[in-house]
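Student: Got a structure for you, written out below as structure tokens; questions coming shortly.
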Amino acid sequence: MPDEELTEQLKRLRARAGNPSVRDLAKLTARQGPGRAMTRSTVQDKISGKSPPRLAQILALVQACADYANSIGAPLPPEDTDERVWRDRIHAMSVRTPPPSPAPTEAPPRPSARWDLDPLIRAGMYDMVDVVQANEHQPMASWLPTLIHALGSAGMSNEQFLTAASRESPPETVATIIALAASHETRAVERLVHLSAVNQPADHIPAIIVLLRRQRFPDPAVGVQLADLLINMLTGKQYGGLSNIGLDHYVSIVSALRSATMERDATRVLEGIGAHGRAKLVLELAASFPDKTYGDRETVLSSVAKGSDYHLKSLLEELRTTTIKGIDPKNTLDRIIFGIPYDKSQAIASYLQSEGMNEEAQRVLELEGQPPF
């Protein structure tokens, strides 16, 4: 619905209500409470269509017209002032109406996001609807902390907004992460980093890591910690493996890090997946690299024992049953065992034996103290 239609409907409602003056409407909105109070200039702008319609303001004007009509003894019919009808009109307009075309000399606006505002409307959070609509073409870092805080206080989901933030360009995503960190929205920060690990293209990961590390607000250490958190999310060290990230994506991430001369981070990703990744993924990742001493395959396999005992057991169980091209079960078992710290061999052998993995436990003991390969 174009803005003109909504403006005309407001004008018709005002006429049916007895044509209250702008001053009267402003006074009547003030009686509805601080959240709906409007100045005379704001009322005039809304009625004339000079400023964008905001849900809370339109509903305030509808109620003001109803109150005025009652005060002169000519109440409006219920269907004229039904808030559900007006909410639907405003919401439909916000979804269907494209943003105005920029002047030729202006930079193009940011792509329009089509938010699902129904949950906010149904919860009566009209002020937050206004925040979203008023900032449609502004960086999310400038307004998302306010919305996240309100949604958290209300016990409502913020997933659609964090998902959108996780798909922006690296500078925009990092700016939003830092803005949420500065607002102490810890859970939202962790979720946004997690979603960024899932949704960002592999070749964006190096830029995000570097941009986080170079942050100086609110504290230089915060950016470094958040970069580490992203790597931990990617490898499964934090919150477990990411089931919706496949082998090709991980290989691309390692390649992208190396292309950016971030060798230490590439190694951390390989080690982290070896120590915390899903069992089959670990073996598939190892198989994707050439079989050579001190290569990437060796880095992945020798890191398996750096994870939990349960992780080691799960991977050895997978090795028993799965068939992956390029993976020799016996040779791979030995390479994993050589990654077990010397002082833990006895304890791990006992654990594997208690889990019914007697052959593997025996091999741990046989290789104890032997130099690898």
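Note on naming: chains are A, B, ... as they come in the structure tokens, residues start from 1 per chain, ligands start from 1 in the order shown.
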Set the distance at 7 Å and use only C-alpha atoms: which residues neighbour Thr235 (chain A) once local chain neighbours fewer than 3 positions away are removed? I'd like the list as an MDAnalysis selection string.
Tutor: chainID A and resid 231:232 241 269 272:273 276:277
Student: Using only C-alpha atoms, determine which residues lie at most 10 Å from Pro218 (chain A), disregarding the query and same-chain residues fewer than 3 positions distant; provide the list as a ChimeraX atom specification.
Tutor: /A:178-179,181-183,215,221-223
Student: Quick one: residues within 10 Å of Glu83 (chain A), only C-alpha atoms, excluding same-chain residues fewer than 5 positions away - as a list of chain:residue names?
Tutor: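 Near Glu83 (chain A), the qualifying residues are A:Ile58, A:Leu59, A:Ala60, A:Val62, A:Gln63, A:Pro78, A:Asp88, A:Arg89.
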Student: Using N, CA, C and O atoms, can you write the selected residues to a file as a compact mmCIF listing (two decimals), in the first residue's frame?
Tutor:
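Written output follows (result28.txt):
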```txt
# COMPACT_ATOMS: atom_id res chain seq x y z
N ILE A 58 0.79 6.12 14.26
CA ILE A 58 -0.48 5.97 13.55
C ILE A 58 -1.57 5.47 14.50
O ILE A 58 -2.70 5.96 14.51
N LEU A 59 -1.22 4.48 15.32
CA LEU A 59 -2.20 3.96 16.27
C LEU A 59 -2.61 5.03 17.28
O LEU A 59 -3.77 5.07 17.72
N ALA A 60 -1.65 5.88 17.66
CA ALA A 60 -1.98 6.97 18.59
C ALA A 60 -2.97 7.94 17.95
O ALA A 60 -3.91 8.42 18.61
N VAL A 62 -5.12 7.23 15.52
CA VAL A 62 -6.42 6.55 15.40
C VAL A 62 -7.18 6.62 16.73
O VAL A 62 -8.37 6.94 16.77
N GLN A 63 -6.46 6.35 17.82
CA GLN A 63 -7.11 6.41 19.13
C GLN A 63 -7.53 7.84 19.47
O GLN A 63 -8.60 8.06 20.07
N PRO A 78 -16.78 0.69 15.55
CA PRO A 78 -15.58 -0.07 15.98
C PRO A 78 -14.66 -0.43 14.82
O PRO A 78 -13.43 -0.43 14.98
N ASP A 88 -2.34 -4.16 10.42
CA ASP A 88 -2.18 -4.92 9.17
C ASP A 88 -1.90 -3.98 7.99
O ASP A 88 -1.09 -4.30 7.11
N ARG A 89 -2.58 -2.84 7.96
CA ARG A 89 -2.35 -1.89 6.87
C ARG A 89 -0.91 -1.38 6.87
O ARG A 89 -0.24 -1.31 5.84
```
Student: Which one is closest to Leu120 (chain A): A:Leu55, A:Ala275, A:Ala134, A:Leu211? Count only C-alpha atoms.
Tutor: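 Checking each candidate against Leu120 (chain A), we get A:Leu55 as the closest.
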Student: Select, from A:Leu13, A:Ile348, A:Val198, A:Leu301, the residue with the minimum atom-to-atom distance to Leu333 (chain A), counting only C-alpha atoms.
Tutor: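 Looking only at the distances to Leu333 (chain A), the closest residue turns out to be A:Leu301.
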Student: Just give me the gap between CA of Glu79 (chain A) and CA of Glu5 (chain A) in Å, one decimal is fine.
Tutor: 17.6 Å
Student: For region 187-196 of chain A, please output as a ChimeraX atom specification all residues within 10 Å (counting only C-alpha atoms; exclusion window: fewer than 5 positions along the same chain).
Tutor: /A:145,148-149,152,158-159,161-168,170,173-174,176-182,201,204-205,208,226-227,229-234,238-239,242
Student: Restricting the calculation to only C-alpha atoms, which member of A:Gly33, A:Ala287, A:Tyr342, A:Ala347 is positioned closest to Thr323 (chain A)?
Tutor: A:Ala287
Student: Could you make a table, as a Markdown table, of the residues of region 233-352 of chain A that have an atom within 7 Å of an atom of region 358-366 of chain A, each with its nearest atom pair and distance in Å to one decimal, counting only C-alpha atoms, in chain and number order?
Tutor:
```
| residue | atom | partner | partner_atom | distance |
| --- | --- | --- | --- | --- |
| A:Ile337 | CA | A:Val364 | CA | 6.1 |
| A:Ser345 | CA | A:Val364 | CA | 6.5 |
| A:Gln346 | CA | A:Leu365 | CA | 7.0 |
| A:Ala349 | CA | A:Ala361 | CA | 4.4 |
| A:Ser350 | CA | A:Ala361 | CA | 7.0 |
| A:Leu352 | CA | A:Ala361 | CA | 5.5 |
```
Student: Restrict the selected residues to C-alpha atoms and save them as a short mmCIF file (atom, residue, chain, number, x, y, z; two decimals), in the first residue's frame.
Tutor:
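Output saved as result-v3.cif:
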```cif
data_model
loop_
_atom_site.label_atom_id
_atom_site.label_comp_id
_atom_site.auth_asym_id
_atom_site.auth_seq_id
_atom_site.Cartn_x
_atom_site.Cartn_y
_atom_site.Cartn_z
CA ILE A 337 48.14 -42.79 18.83
CA SER A 345 49.13 -43.38 27.39
CA GLN A 346 48.38 -45.67 30.33
CA ALA A 349 44.65 -47.38 27.22
CA SER A 350 42.67 -48.20 30.38
CA LEU A 352 39.68 -47.65 25.76
#
```
Student: Go through A:Arg268, A:Lys27, A:Arg12, A:Arg320 one by one, measure the shortest atom-to-atom distance of each to Lys237 (chain A) using only C-alpha atoms, and give the residue with the smallest value.
Tutor: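 Of the candidates, the smallest distance to Lys237 (chain A) is held by A:Arg268.
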Student: Please identify which residues in region 167-214 of chain A DSSP calls alpha helix (DSSP H) from the backbone, and express them as a ChimeraX atom specification.
Tutor: /A:170-182,186-199,205-213
Student: How about saving the chosen residues, C-alpha atoms kept, as an mmCIF file, in the first residue's frame?
Tutor:
```cif
data_model
loop_
_atom_site.group_PDB
_atom_site.id
_atom_site.type_symbol
_atom_site.label_atom_id
_atom_site.label_comp_id
_atom_site.auth_asym_id
_atom_site.auth_seq_id
_atom_site.Cartn_x
_atom_site.Cartn_y
_atom_site.Cartn_z
ATOM 1 C CA PRO A 170 33.043 -8.447 7.116
ATOM 2 C CA PRO A 171 33.387 -4.788 8.266
ATOM 3 C CA GLU A 172 29.646 -4.528 8.960
ATOM 4 C CA THR A 173 29.454 -7.878 10.744
ATOM 5 C CA VAL A 174 32.470 -7.031 12.909
ATOM 6 C CA ALA A 175 31.049 -3.578 13.718
ATOM 7 C CA THR A 176 27.828 -5.202 14.926
ATOM 8 C CA ILE A 177 29.714 -7.804 16.994
ATOM 9 C CA ILE A 178 31.739 -5.051 18.685
ATOM 10 C CA ALA A 179 28.651 -2.872 19.242
ATOM 11 C CA LEU A 180 26.895 -5.765 20.998
ATOM 12 C CA ALA A 181 30.032 -6.480 23.052
ATOM 13 C CA ALA A 182 30.194 -2.827 24.109
ATOM 14 C CA THR A 186 27.179 -11.454 25.822
ATOM 15 C CA ARG A 187 24.764 -14.133 24.660
ATOM 16 C CA ALA A 188 23.917 -12.195 21.507
ATOM 17 C CA VAL A 189 27.633 -11.726 20.770
ATOM 18 C CA GLU A 190 28.284 -15.458 21.059
ATOM 19 C CA ARG A 191 25.301 -16.285 18.875
ATOM 20 C CA LEU A 192 26.316 -13.744 16.219
ATOM 21 C CA VAL A 193 29.872 -15.117 16.126
ATOM 22 C CA HIS A 194 28.438 -18.639 15.818
ATOM 23 C CA LEU A 195 26.137 -17.601 12.955
ATOM 24 C CA SER A 196 29.010 -15.786 11.258
ATOM 25 C CA ALA A 197 31.064 -18.991 11.354
ATOM 26 C CA VAL A 198 28.189 -20.753 9.603
ATOM 27 C CA ASN A 199 26.996 -18.081 7.156
ATOM 28 C CA ILE A 205 36.882 -15.492 7.454
ATOM 29 C CA PRO A 206 40.450 -14.070 7.395
ATOM 30 C CA ALA A 207 39.130 -10.504 7.120
ATOM 31 C CA ILE A 208 36.737 -11.011 10.044
ATOM 32 C CA ILE A 209 39.493 -12.459 12.239
ATOM 33 C CA VAL A 210 41.874 -9.601 11.415
ATOM 34 C CA LEU A 211 39.232 -6.898 11.842
ATOM 35 C CA LEU A 212 38.317 -8.286 15.253
ATOM 36 C CA ARG A 213 41.948 -8.388 16.371
#
```
Student: Got a sec: who's within 10 Å of Arg335 (chain A), counting only C-alpha atoms, leaving out chain neighbours fewer than 3 positions off, as JSON, numbers by chain?
Tutor: {"A": [293, 297, 298, 299, 300, 301, 302, 303, 304, 329, 330, 331, 332, 338, 339, 340, 372, 373]}
Student: At what distance in Å, to one decimal, does CA of Asn70 (chain A) lie from CA of Met38 (chain A)?
Tutor: 20.1 Å
